[in-house]
>>> print(open('entry.cif').read())   # mmCIF, C-alpha atoms
data_structure
#
loop_
_atom_site.group_PDB
_atom_site.id
_atom_site.type_symbol
_atom_site.label_atom_id
_atom_site.label_comp_id
_atom_site.auth_asym_id
_atom_site.auth_seq_id
_atom_site.Cartn_x
_atom_site.Cartn_y
_atom_site.Cartn_z
ATOM 1 C CA GLY A 1 -75.453 159.833 124.835
ATOM 2 C CA VAL A 2 -71.818 159.403 123.932
ATOM 3 C CA GLN A 3 -70.942 159.970 120.300
ATOM 4 C CA THR A 4 -67.754 159.393 118.395
ATOM 5 C CA CYS A 5 -66.192 162.014 116.183
ATOM 6 C CA ALA A 6 -63.426 161.781 113.623
ATOM 7 C CA LEU A 7 -60.441 163.902 114.638
ATOM 8 C CA PRO A 8 -57.433 164.735 112.468
ATOM 9 C CA ILE A 9 -54.349 162.610 113.108
ATOM 10 C CA TYR A 10 -52.421 165.540 114.535
ATOM 11 C CA HIS A 11 -54.910 165.743 117.409
ATOM 12 C CA PHE A 12 -53.503 162.483 118.722
ATOM 13 C CA TRP A 13 -50.193 164.266 119.315
ATOM 14 C CA SER A 14 -51.493 167.643 120.474
ATOM 15 C CA ILE A 15 -50.811 168.569 124.097
ATOM 16 C CA PRO A 16 -54.103 168.232 126.005
ATOM 17 C CA ARG A 17 -55.344 171.051 128.217
ATOM 18 C CA ILE A 18 -55.438 169.646 131.728
ATOM 19 C CA THR A 19 -56.388 171.646 134.832
ATOM 20 C CA ASN A 20 -56.011 170.939 138.539
ATOM 21 C CA ARG A 21 -59.591 169.654 138.482
ATOM 22 C CA ALA A 22 -58.103 166.321 137.379
ATOM 23 C CA TRP A 23 -57.222 165.754 141.025
ATOM 24 C CA LYS A 24 -60.957 165.713 141.839
ATOM 25 C CA VAL A 25 -61.327 162.620 139.663
ATOM 26 C CA TRP A 26 -58.269 161.122 141.347
ATOM 27 C CA HIS A 27 -59.764 161.892 144.779
ATOM 28 C CA ARG A 28 -63.098 160.350 143.813
ATOM 29 C CA ASN A 29 -61.403 157.072 142.911
ATOM 30 C CA LEU A 30 -59.259 157.189 146.058
ATOM 31 C CA VAL A 31 -62.369 157.530 148.249
ATOM 32 C CA VAL A 32 -64.015 154.564 146.518
ATOM 33 C CA PHE A 33 -60.805 152.544 146.938
ATOM 34 C CA PHE A 34 -60.639 153.107 150.697
ATOM 35 C CA ARG A 35 -64.327 152.361 151.180
ATOM 36 C CA THR A 36 -63.495 148.797 150.190
ATOM 37 C CA TRP A 37 -59.985 148.815 151.658
ATOM 38 C CA LYS A 38 -60.164 145.258 153.004
ATOM 39 C CA VAL A 39 -60.696 143.863 149.515
ATOM 40 C CA ASN A 40 -58.098 146.175 147.966
ATOM 41 C CA PHE A 41 -55.278 145.738 150.505
ATOM 42 C CA PHE A 42 -55.529 141.970 150.826
ATOM 43 C CA PRO A 43 -54.554 140.861 147.252
ATOM 44 C CA PRO A 44 -51.097 142.526 147.096
ATOM 45 C CA LEU A 45 -50.170 141.019 150.464
ATOM 46 C CA ILE A 46 -51.179 137.544 149.330
ATOM 47 C CA GLU A 47 -49.491 138.099 145.955
ATOM 48 C CA ALA A 48 -46.205 138.938 147.654
ATOM 49 C CA PHE A 49 -46.321 135.810 149.835
ATOM 50 C CA LEU A 50 -47.357 133.535 146.945
ATOM 51 C CA TYR A 51 -44.597 134.716 144.629
ATOM 52 C CA LEU A 52 -41.922 134.481 147.317
ATOM 53 C CA PHE A 53 -42.922 130.997 148.412
ATOM 54 C CA ALA A 54 -43.942 129.457 145.067
ATOM 55 C CA ILE A 55 -41.169 130.888 142.916
ATOM 56 C CA GLY A 56 -38.532 132.284 145.250
ATOM 57 C CA MET A 57 -38.525 129.492 147.795
ATOM 58 C CA GLY A 58 -39.685 126.753 145.404
ATOM 59 C CA ILE A 59 -37.655 127.253 142.227
ATOM 60 C CA GLY A 60 -35.021 128.933 144.371
ATOM 61 C CA THR A 61 -34.133 125.566 145.897
ATOM 62 C CA TYR A 62 -32.953 124.449 142.434
ATOM 63 C CA VAL A 63 -31.694 127.787 141.112
ATOM 64 C CA LYS A 64 -29.453 128.925 143.930
ATOM 65 C CA GLU A 65 -27.978 132.074 142.411
ATOM 66 C CA ILE A 66 -28.072 134.234 139.301
ATOM 67 C CA ASP A 67 -24.955 136.334 138.696
ATOM 68 C CA GLY A 68 -23.994 135.793 142.317
ATOM 69 C CA ILE A 69 -27.393 136.953 143.603
ATOM 70 C CA PRO A 70 -29.690 134.578 145.536
ATOM 71 C CA TYR A 71 -32.597 133.714 143.272
ATOM 72 C CA VAL A 72 -35.256 134.992 145.659
ATOM 73 C CA ASN A 73 -33.451 138.349 145.822
ATOM 74 C CA PHE A 74 -33.216 138.367 142.018
ATOM 75 C CA ILE A 75 -36.969 137.979 141.471
ATOM 76 C CA ALA A 76 -38.171 140.221 144.337
ATOM 77 C CA PRO A 77 -37.768 143.489 142.367
ATOM 78 C CA ALA A 78 -39.386 141.828 139.332
ATOM 79 C CA ILE A 79 -42.407 140.939 141.463
ATOM 80 C CA LEU A 80 -42.691 144.588 142.509
ATOM 81 C CA ALA A 81 -42.429 145.707 138.875
ATOM 82 C CA ILE A 82 -45.073 143.216 137.721
ATOM 83 C CA SER A 83 -47.359 144.452 140.499
ATOM 84 C CA VAL A 84 -46.877 148.034 139.295
ATOM 85 C CA MET A 85 -47.747 146.953 135.747
ATOM 86 C CA ASN A 86 -50.785 144.868 136.638
ATOM 87 C CA SER A 87 -52.357 147.293 139.103
ATOM 88 C CA ALA A 88 -52.130 150.300 136.745
ATOM 89 C CA PHE A 89 -52.954 148.421 133.546
ATOM 90 C CA PHE A 90 -56.010 146.570 134.787
ATOM 91 C CA GLU A 91 -57.296 149.605 136.690
ATOM 92 C CA CYS A 92 -57.205 151.731 133.531
ATOM 93 C CA THR A 93 -58.580 149.051 131.234
ATOM 94 C CA TYR A 94 -61.289 147.036 132.983
ATOM 95 C CA GLY A 95 -61.793 149.521 135.827
ATOM 96 C CA SER A 96 -61.977 152.578 133.590
ATOM 97 C CA TYR A 97 -64.142 150.795 131.028
ATOM 98 C CA VAL A 98 -66.659 149.834 133.702
ATOM 99 C CA ARG A 99 -66.761 153.417 135.000
ATOM 100 C CA MET A 100 -67.117 154.739 131.448
ATOM 101 C CA TYR A 101 -69.605 152.321 129.902
ATOM 102 C CA TYR A 102 -71.548 150.561 132.668
ATOM 103 C CA GLN A 103 -71.538 152.974 135.617
ATOM 104 C CA LYS A 104 -71.690 156.061 133.352
ATOM 105 C CA SER A 105 -69.361 157.821 135.794
ATOM 106 C CA PHE A 106 -67.531 159.590 132.965
ATOM 107 C CA ASP A 107 -70.776 161.042 131.594
ATOM 108 C CA ALA A 108 -71.708 162.287 135.053
ATOM 109 C CA MET A 109 -68.322 163.927 135.613
ATOM 110 C CA ILE A 110 -68.211 165.521 132.160
ATOM 111 C CA ALA A 111 -71.619 167.090 132.892
ATOM 112 C CA THR A 112 -69.855 169.119 135.622
ATOM 113 C CA PRO A 113 -67.147 171.761 135.014
ATOM 114 C CA LEU A 114 -64.697 168.868 134.570
ATOM 115 C CA SER A 115 -63.410 168.522 131.016
ATOM 116 C CA ILE A 116 -62.871 165.219 129.227
ATOM 117 C CA GLU A 117 -59.120 165.811 129.511
ATOM 118 C CA ASP A 118 -59.407 166.312 133.280
ATOM 119 C CA VAL A 119 -61.396 163.096 133.701
ATOM 120 C CA ILE A 120 -58.936 160.961 131.737
ATOM 121 C CA ALA A 121 -55.891 162.585 133.351
ATOM 122 C CA GLY A 122 -57.464 161.877 136.745
ATOM 123 C CA GLU A 123 -57.994 158.246 135.767
ATOM 124 C CA ILE A 124 -54.359 157.900 134.691
ATOM 125 C CA LEU A 125 -53.141 159.557 137.894
ATOM 126 C CA TRP A 126 -55.287 157.163 139.883
ATOM 127 C CA GLY A 127 -53.871 154.159 138.033
ATOM 128 C CA ALA A 128 -50.362 155.333 138.963
ATOM 129 C CA THR A 129 -51.414 155.904 142.572
ATOM 130 C CA ARG A 130 -52.807 152.399 142.800
ATOM 131 C CA SER A 131 -49.396 151.079 141.705
ATOM 132 C CA VAL A 132 -47.767 153.109 144.471
ATOM 133 C CA LEU A 133 -50.177 151.748 147.081
ATOM 134 C CA TYR A 134 -49.470 148.170 146.020
ATOM 135 C CA VAL A 135 -45.712 148.680 146.253
ATOM 136 C CA ILE A 136 -46.068 150.308 149.689
ATOM 137 C CA ILE A 137 -48.047 147.266 150.856
ATOM 138 C CA MET A 138 -45.576 144.753 149.407
ATOM 139 C CA LEU A 139 -42.304 146.379 150.505
ATOM 140 C CA PRO A 140 -42.681 145.466 154.226
ATOM 141 C CA VAL A 141 -43.318 141.824 153.256
ATOM 142 C CA PHE A 142 -40.126 141.689 151.199
ATOM 143 C CA ALA A 143 -38.231 143.494 153.943
ATOM 144 C CA ALA A 144 -39.422 140.920 156.480
ATOM 145 C CA PHE A 145 -37.976 138.165 154.276
ATOM 146 C CA GLY A 146 -34.745 140.117 153.855
ATOM 147 C CA VAL A 147 -34.852 140.048 150.046
ATOM 148 C CA ILE A 148 -34.514 143.817 149.492
ATOM 149 C CA SER A 149 -32.062 146.398 150.794
ATOM 150 C CA PHE A 150 -32.830 149.688 152.509
ATOM 151 C CA PRO A 151 -32.754 152.663 152.169
ATOM 152 C CA THR A 152 -32.441 152.504 148.368
ATOM 153 C CA SER A 153 -35.508 150.246 148.143
ATOM 154 C CA LEU A 154 -37.638 153.181 149.295
ATOM 155 C CA LEU A 155 -36.954 154.747 145.893
ATOM 156 C CA ALA A 156 -39.172 151.980 144.515
ATOM 157 C CA ILE A 157 -42.134 154.085 145.696
ATOM 158 C CA PRO A 158 -41.592 157.108 143.396
ATOM 159 C CA LEU A 159 -40.474 154.701 140.668
ATOM 160 C CA ALA A 160 -43.809 152.900 141.064
ATOM 161 C CA PHE A 161 -45.598 156.185 140.341
ATOM 162 C CA LEU A 162 -43.665 156.706 137.109
ATOM 163 C CA GLY A 163 -44.140 153.073 136.082
ATOM 164 C CA GLY A 164 -47.807 153.320 137.003
ATOM 165 C CA LEU A 165 -48.240 156.428 134.840
ATOM 166 C CA MET A 166 -46.589 154.616 131.952
ATOM 167 C CA PHE A 167 -48.793 151.534 132.114
ATOM 168 C CA ALA A 168 -51.918 153.564 132.908
ATOM 169 C CA GLY A 169 -51.335 155.624 129.766
ATOM 170 C CA ILE A 170 -50.808 152.505 127.661
ATOM 171 C CA ALA A 171 -53.892 150.908 129.208
ATOM 172 C CA MET A 172 -56.063 153.940 128.513
ATOM 173 C CA CYS A 173 -55.063 153.758 124.829
ATOM 174 C CA PHE A 174 -56.499 150.235 124.687
ATOM 175 C CA THR A 175 -59.616 151.362 126.572
ATOM 176 C CA ALA A 176 -60.129 154.158 124.062
ATOM 177 C CA ILE A 177 -60.172 151.853 121.044
ATOM 178 C CA THR A 178 -61.751 148.667 122.413
ATOM 179 C CA PRO A 179 -65.266 147.990 121.105
ATOM 180 C CA SER A 180 -66.279 145.955 124.161
ATOM 181 C CA ILE A 181 -64.966 144.927 127.548
ATOM 182 C CA ASP A 182 -64.321 141.380 126.282
ATOM 183 C CA THR A 183 -61.863 142.734 123.709
ATOM 184 C CA LEU A 184 -59.621 143.887 126.558
ATOM 185 C CA ASN A 185 -58.620 140.245 126.949
ATOM 186 C CA TYR A 186 -56.409 140.604 123.867
ATOM 187 C CA PRO A 187 -53.907 143.144 125.262
ATOM 188 C CA SER A 188 -53.982 141.266 128.535
ATOM 189 C CA PHE A 189 -52.933 137.933 127.028
ATOM 190 C CA LEU A 190 -50.914 139.150 124.032
ATOM 191 C CA PHE A 191 -49.086 142.072 125.635
ATOM 192 C CA ILE A 192 -49.113 141.905 129.446
ATOM 193 C CA THR A 193 -48.483 138.168 129.828
ATOM 194 C CA PRO A 194 -45.464 138.032 127.466
ATOM 195 C CA MET A 195 -43.985 141.055 129.226
ATOM 196 C CA ALA A 196 -44.363 139.394 132.599
ATOM 197 C CA LEU A 197 -42.366 136.418 131.316
ATOM 198 C CA PHE A 198 -39.775 137.866 128.942
ATOM 199 C CA SER A 199 -38.701 141.199 130.437
ATOM 200 C CA GLY A 200 -35.815 139.937 132.542
ATOM 201 C CA THR A 201 -38.210 139.074 135.333
ATOM 202 C CA PHE A 202 -37.600 135.453 136.328
ATOM 203 C CA PHE A 203 -34.380 134.921 134.398
ATOM 204 C CA PRO A 204 -31.753 137.293 132.951
ATOM 205 C CA LEU A 205 -32.589 138.939 129.659
ATOM 206 C CA THR A 206 -29.206 137.795 128.314
ATOM 207 C CA LEU A 207 -30.446 134.195 128.191
ATOM 208 C CA LEU A 208 -32.793 135.107 125.342
ATOM 209 C CA PRO A 209 -31.647 135.123 121.691
ATOM 210 C CA ILE A 210 -30.244 138.488 120.620
ATOM 211 C CA LEU A 211 -33.309 139.304 118.503
ATOM 212 C CA PHE A 212 -35.649 138.757 121.450
ATOM 213 C CA GLN A 213 -33.404 140.843 123.687
ATOM 214 C CA TYR A 214 -33.802 143.779 121.303
ATOM 215 C CA ILE A 215 -37.554 143.213 121.113
ATOM 216 C CA ALA A 216 -37.771 143.240 124.917
ATOM 217 C CA LEU A 217 -35.701 146.417 125.169
ATOM 218 C CA VAL A 218 -37.589 148.286 122.452
ATOM 219 C CA LEU A 219 -41.173 147.046 122.815
ATOM 220 C CA PHE A 220 -41.554 145.902 126.433
ATOM 221 C CA PRO A 221 -41.838 148.800 128.916
ATOM 222 C CA LEU A 222 -41.627 146.330 131.789
ATOM 223 C CA THR A 223 -38.010 145.517 130.828
ATOM 224 C CA HIS A 224 -36.863 148.985 131.830
ATOM 225 C CA LEU A 225 -38.983 149.086 134.975
ATOM 226 C CA VAL A 226 -37.578 145.729 136.133
ATOM 227 C CA ALA A 227 -34.015 146.868 135.426
ATOM 228 C CA ILE A 228 -34.355 150.029 137.523
ATOM 229 C CA MET A 229 -36.275 148.251 140.294
ATOM 230 C CA ARG A 230 -33.525 145.639 140.500
ATOM 231 C CA MET A 231 -30.808 148.311 140.712
ATOM 232 C CA LEU A 232 -32.655 149.972 143.592
ATOM 233 C CA THR A 233 -33.556 146.941 145.674
ATOM 234 C CA LEU A 234 -30.347 144.898 145.430
ATOM 235 C CA PRO A 235 -28.827 147.648 145.343
ATOM 236 C CA ASP A 236 -26.643 147.754 142.248
ATOM 237 C CA LEU A 237 -26.837 151.208 140.696
ATOM 238 C CA THR A 238 -25.043 151.720 137.394
ATOM 239 C CA GLY A 239 -25.058 154.364 134.682
ATOM 240 C CA MET A 240 -27.701 152.360 132.818
ATOM 241 C CA VAL A 241 -30.297 153.559 135.307
ATOM 242 C CA MET A 242 -30.367 156.966 133.590
ATOM 243 C CA LEU A 243 -30.946 155.415 130.147
ATOM 244 C CA ASN A 244 -33.739 153.196 131.476
ATOM 245 C CA LEU A 245 -35.279 156.157 133.288
ATOM 246 C CA ALA A 246 -35.091 158.413 130.217
ATOM 247 C CA TRP A 247 -36.761 155.683 128.100
ATOM 248 C CA MET A 248 -39.586 155.360 130.635
ATOM 249 C CA ILE A 249 -40.159 159.122 130.896
ATOM 250 C CA LEU A 250 -40.319 159.494 127.105
ATOM 251 C CA VAL A 251 -42.704 156.561 126.636
ATOM 252 C CA THR A 252 -44.874 157.746 129.553
ATOM 253 C CA ALA A 253 -45.257 161.218 128.063
ATOM 254 C CA ILE A 254 -46.067 159.868 124.593
ATOM 255 C CA PHE A 255 -48.690 157.348 125.683
ATOM 256 C CA CYS A 256 -50.368 159.619 128.232
ATOM 257 C CA ILE A 257 -50.821 162.313 125.562
ATOM 258 C CA ILE A 258 -52.118 159.813 122.999
ATOM 259 C CA ALA A 259 -54.425 158.205 125.583
ATOM 260 C CA ILE A 260 -56.070 161.482 126.567
ATOM 261 C CA ASN A 261 -56.588 162.491 122.924
ATOM 262 C CA LEU A 262 -57.951 159.070 121.949
ATOM 263 C CA MET A 263 -60.377 159.121 124.874
ATOM 264 C CA ARG A 264 -61.418 162.651 123.940
ATOM 265 C CA LYS A 265 -62.225 161.333 120.458
ATOM 266 C CA ARG A 266 -64.325 158.547 121.960
ATOM 267 C CA LEU A 267 -66.144 160.674 124.524
ATOM 268 C CA ILE A 268 -67.017 163.738 122.445
ATOM 269 C CA VAL A 269 -70.630 164.556 123.375
#
>>> encode(input="entry.cif", output="structure tokens")
Amino acid sequence: GVQTCALPIYHFWSIPRITNRAWKVWHRNLVVFFRTWKVNFFPPLIEAFLYLFAIGMGIGTYVKEIDGIPYVNFIAPAILAISVMNSAFFECTYGSYVRMYYQKSFDAMIATPLSIEDVIAGEILWGATRSVLYVIIMLPVFAAFGVISFPTSLLAIPLAFLGGLMFAGIAMCFTAITPSIDTLNYPSFLFITPMALFSGTFFPLTLLPILFQYIALVLFPLTHLVAIMRMLTLPDLTGMVMLNLAWMILVTAIFCIIAINLMRKRLIV
């Protein structure tokens, strides 16, 4: 059975030993994903249409422009960013928890030459890949409506991988410390939902009080992902893109390392 073991604090920050076997875990999840491709490809298509019609076309009839940008064009990159967040976060919380606790997939994989670090790294890589797949599915829909610009919008694909890694790492931290699958509702409602609303998604961040702007910039990873996604799809590249990108890379590295070490603590056998 799975046992827990107390590890010194410094282990949370130690660089995990990951091998190329992590890609075997990634490939396993990819195969499962494509076996049920009809179920997996349908939701992001519907999500794209629903957001564009309900918010872009609906609210957009009252809010014509924001900073000279048609409202539907303003929210399109935010919809992509939210999709990146949701697909990676929920895959590496509920999905990973089910594979770990109910399906016992982690136990089975750890019984092979795969290490715990390889298994968790593979899970995080898969969460990022799922974000990429969702963006690839949604981009043609947005292009058909003419709300994004090419070719810079194609850079949303590699950006989705980085954003997916970031949210997959954060998600895996919650998975590592949650006592039950029901407890995962807390980060979903208290962390993901506020980010989806107050990260410069459906209205400019500058409309918030100064204090909340700082909170969004410091504590909400989605704020930086939305900002870069918007620069790429409008397009409106500025020097701020490098600061946003550096923030995301740093946070991604920190949370992925912590996530792997926390999961190692939980899965010590």
>>> closest_residue(input="entry.cif", among="A:Ile215, A:Leu262, A:Ala144, A:Met231", to="Leu245 of chain A", atoms="only C-alpha atoms")
A:Met231
>>> closest_residue(input="entry.cif", among="A:Ala121, A:Ala88, A:Ala76, A:Met100", to="Arg21 of chain A", atoms="all atoms listed in the file")
A:Ala121
>>> atom_distance(input="entry.cif", atom1="atom CA of Asp118 of chain A", atom2="atom CA of Ser105 of chain A")
13.3 Å
>>> atom_distance(input="entry.cif", atom1="atom CA of Ile257 of chain A", atom2="atom CA of Ile15 of chain A")
6.4 Å
>>> resolve_selection(input="entry.cif", expression="the PyMOL selection byres ((chain A and resi 180) around 12)", output="PyMOL selection string")
chain A and resi 93-94+97-98+100-102+174-179+181-186
>>> residues_near_point(input="entry.cif", point="(-52.8, 154.4, 140.5)", cutoff="12 Å", atoms="only C-alpha atoms", output="PDB file with C-alpha atoms, keeping the file's coordinate frame")
ATOM      1  CA  VAL A  25     -61.327 162.620 139.663  1.00  0.00           C
ATOM      2  CA  TRP A  26     -58.269 161.122 141.347  1.00  0.00           C
ATOM      3  CA  HIS A  27     -59.764 161.892 144.779  1.00  0.00           C
ATOM      4  CA  ASN A  29     -61.403 157.072 142.911  1.00  0.00           C
ATOM      5  CA  LEU A  30     -59.259 157.189 146.058  1.00  0.00           C
ATOM      6  CA  PHE A  33     -60.805 152.544 146.938  1.00  0.00           C
ATOM      7  CA  SER A  83     -47.359 144.452 140.499  1.00  0.00           C
ATOM      8  CA  VAL A  84     -46.877 148.034 139.295  1.00  0.00           C
ATOM      9  CA  MET A  85     -47.747 146.953 135.747  1.00  0.00           C
ATOM     10  CA  ASN A  86     -50.785 144.868 136.638  1.00  0.00           C
ATOM     11  CA  SER A  87     -52.357 147.293 139.103  1.00  0.00           C
ATOM     12  CA  ALA A  88     -52.130 150.300 136.745  1.00  0.00           C
ATOM     13  CA  PHE A  89     -52.954 148.421 133.546  1.00  0.00           C
ATOM     14  CA  PHE A  90     -56.010 146.570 134.787  1.00  0.00           C
ATOM     15  CA  GLU A  91     -57.296 149.605 136.690  1.00  0.00           C
ATOM     16  CA  CYS A  92     -57.205 151.731 133.531  1.00  0.00           C
ATOM     17  CA  GLY A  95     -61.793 149.521 135.827  1.00  0.00           C
ATOM     18  CA  SER A  96     -61.977 152.578 133.590  1.00  0.00           C
ATOM     19  CA  ALA A 121     -55.891 162.585 133.351  1.00  0.00           C
ATOM     20  CA  GLY A 122     -57.464 161.877 136.745  1.00  0.00           C
ATOM     21  CA  GLU A 123     -57.994 158.246 135.767  1.00  0.00           C
ATOM     22  CA  ILE A 124     -54.359 157.900 134.691  1.00  0.00           C
ATOM     23  CA  LEU A 125     -53.141 159.557 137.894  1.00  0.00           C
ATOM     24  CA  TRP A 126     -55.287 157.163 139.883  1.00  0.00           C
ATOM     25  CA  GLY A 127     -53.871 154.159 138.033  1.00  0.00           C
ATOM     26  CA  ALA A 128     -50.362 155.333 138.963  1.00  0.00           C
ATOM     27  CA  THR A 129     -51.414 155.904 142.572  1.00  0.00           C
ATOM     28  CA  ARG A 130     -52.807 152.399 142.800  1.00  0.00           C
ATOM     29  CA  SER A 131     -49.396 151.079 141.705  1.00  0.00           C
ATOM     30  CA  VAL A 132     -47.767 153.109 144.471  1.00  0.00           C
ATOM     31  CA  LEU A 133     -50.177 151.748 147.081  1.00  0.00           C
ATOM     32  CA  TYR A 134     -49.470 148.170 146.020  1.00  0.00           C
ATOM     33  CA  VAL A 135     -45.712 148.680 146.253  1.00  0.00           C
ATOM     34  CA  ILE A 157     -42.134 154.085 145.696  1.00  0.00           C
ATOM     35  CA  PRO A 158     -41.592 157.108 143.396  1.00  0.00           C
ATOM     36  CA  ALA A 160     -43.809 152.900 141.064  1.00  0.00           C
ATOM     37  CA  PHE A 161     -45.598 156.185 140.341  1.00  0.00           C
ATOM     38  CA  LEU A 162     -43.665 156.706 137.109  1.00  0.00           C
ATOM     39  CA  GLY A 163     -44.140 153.073 136.082  1.00  0.00           C
ATOM     40  CA  GLY A 164     -47.807 153.320 137.003  1.00  0.00           C
ATOM     41  CA  LEU A 165     -48.240 156.428 134.840  1.00  0.00           C
ATOM     42  CA  MET A 166     -46.589 154.616 131.952  1.00  0.00           C
ATOM     43  CA  PHE A 167     -48.793 151.534 132.114  1.00  0.00           C
ATOM     44  CA  ALA A 168     -51.918 153.564 132.908  1.00  0.00           C
ATOM     45  CA  GLY A 169     -51.335 155.624 129.766  1.00  0.00           C
ATOM     46  CA  ALA A 171     -53.892 150.908 129.208  1.00  0.00           C
TER      47      ALA A 171
END
>>> atom_distance(input="entry.cif", atom1="atom CA of Lys265 of chain A", atom2="atom CA of Ser115 of chain A")
12.8 Å
>>> residues_near_point(input="entry.cif", point="(-35.2, 134.3, 135.3)", cutoff="10 Å", atoms="only C-alpha atoms", output="VMD selection string")
chain A and resid 63 66 71 74 to 75 78 197 to 207
>>> closest_residue(input="entry.cif", among="A:Leu80, A:Met138, A:Ile120, A:Ala111", to="Ala227 of chain A", atoms="all atoms listed in the file")
A:Leu80
>>> closest_residue(input="entry.cif", among="A:Ile69, A:Ile148, A:Met240, A:Ile18", to="Asn261 of chain A", atoms="all atoms listed in the file")
A:Ile18
>>> closest_residue(input="entry.cif", among="A:Pro235, A:Pro70, A:Pro221, A:Pro16", to="Pro194 of chain A", atoms="all atoms listed in the file")
A:Pro221
>>> decode(input="entry.cif", residues="segment 186-192 of chain A", atoms="all heavy atoms", output="mmCIF file, in the first residue's frame")
data_model
loop_
_atom_site.group_PDB
_atom_site.id
_atom_site.type_symbol
_atom_site.label_atom_id
_atom_site.label_comp_id
_atom_site.auth_asym_id
_atom_site.auth_seq_id
_atom_site.Cartn_x
_atom_site.Cartn_y
_atom_site.Cartn_z
ATOM 1 N N TYR A 186 -12.263 22.968 -3.109
ATOM 2 C CA TYR A 186 -11.829 24.231 -2.512
ATOM 3 C C TYR A 186 -10.913 25.035 -3.439
ATOM 4 O O TYR A 186 -11.188 26.215 -3.687
ATOM 5 C CB TYR A 186 -11.160 23.984 -1.155
ATOM 6 C CG TYR A 186 -12.128 23.556 -0.087
ATOM 7 C CD1 TYR A 186 -12.108 22.262 0.427
ATOM 8 C CD2 TYR A 186 -13.081 24.440 0.413
ATOM 9 C CE1 TYR A 186 -13.005 21.852 1.406
ATOM 10 C CE2 TYR A 186 -13.984 24.050 1.388
ATOM 11 C CZ TYR A 186 -13.937 22.754 1.879
ATOM 12 O OH TYR A 186 -14.846 22.361 2.849
ATOM 13 N N PRO A 187 -9.817 24.459 -3.956
ATOM 14 C CA PRO A 187 -9.016 25.251 -4.901
ATOM 15 C C PRO A 187 -9.775 25.603 -6.168
ATOM 16 O O PRO A 187 -9.524 26.642 -6.783
ATOM 17 C CB PRO A 187 -7.812 24.347 -5.206
ATOM 18 C CG PRO A 187 -8.243 22.975 -4.830
ATOM 19 C CD PRO A 187 -9.190 23.149 -3.691
ATOM 20 N N SER A 188 -10.708 24.767 -6.546
ATOM 21 C CA SER A 188 -11.493 25.047 -7.741
ATOM 22 C C SER A 188 -12.328 26.311 -7.571
ATOM 23 O O SER A 188 -12.323 27.199 -8.435
ATOM 24 C CB SER A 188 -12.396 23.851 -8.055
ATOM 25 O OG SER A 188 -13.275 24.156 -9.121
ATOM 26 N N PHE A 189 -13.033 26.407 -6.447
ATOM 27 C CA PHE A 189 -13.937 27.541 -6.227
ATOM 28 C C PHE A 189 -13.230 28.766 -5.657
ATOM 29 O O PHE A 189 -13.616 29.898 -5.948
ATOM 30 C CB PHE A 189 -15.082 27.129 -5.299
ATOM 31 C CG PHE A 189 -16.030 26.140 -5.917
ATOM 32 C CD1 PHE A 189 -16.274 24.914 -5.318
ATOM 33 C CD2 PHE A 189 -16.678 26.423 -7.111
ATOM 34 C CE1 PHE A 189 -17.147 23.992 -5.895
ATOM 35 C CE2 PHE A 189 -17.553 25.521 -7.689
ATOM 36 C CZ PHE A 189 -17.785 24.302 -7.085
ATOM 37 N N LEU A 190 -12.187 28.556 -4.845
ATOM 38 C CA LEU A 190 -11.541 29.666 -4.158
ATOM 39 C C LEU A 190 -10.319 30.210 -4.893
ATOM 40 O O LEU A 190 -9.831 31.291 -4.561
ATOM 41 C CB LEU A 190 -11.129 29.240 -2.741
ATOM 42 C CG LEU A 190 -12.271 28.784 -1.829
ATOM 43 C CD1 LEU A 190 -11.727 28.355 -0.467
ATOM 44 C CD2 LEU A 190 -13.310 29.891 -1.660
ATOM 45 N N PHE A 191 -9.826 29.473 -5.865
ATOM 46 C CA PHE A 191 -8.625 29.892 -6.585
ATOM 47 C C PHE A 191 -8.881 30.036 -8.087
ATOM 48 O O PHE A 191 -8.638 31.085 -8.679
ATOM 49 C CB PHE A 191 -7.504 28.879 -6.321
ATOM 50 C CG PHE A 191 -6.189 29.220 -6.974
ATOM 51 C CD1 PHE A 191 -5.556 30.436 -6.727
ATOM 52 C CD2 PHE A 191 -5.578 28.310 -7.826
ATOM 53 C CE1 PHE A 191 -4.335 30.740 -7.324
ATOM 54 C CE2 PHE A 191 -4.366 28.606 -8.418
ATOM 55 C CZ PHE A 191 -3.735 29.821 -8.163
ATOM 56 N N ILE A 192 -9.413 28.996 -8.702
ATOM 57 C CA ILE A 192 -9.619 28.996 -10.158
ATOM 58 C C ILE A 192 -10.733 29.965 -10.562
ATOM 59 O O ILE A 192 -10.560 30.757 -11.499
ATOM 60 C CB ILE A 192 -9.933 27.575 -10.654
ATOM 61 C CG1 ILE A 192 -8.728 26.663 -10.437
ATOM 62 C CG2 ILE A 192 -10.312 27.596 -12.132
ATOM 63 C CD1 ILE A 192 -7.476 27.104 -11.162
#
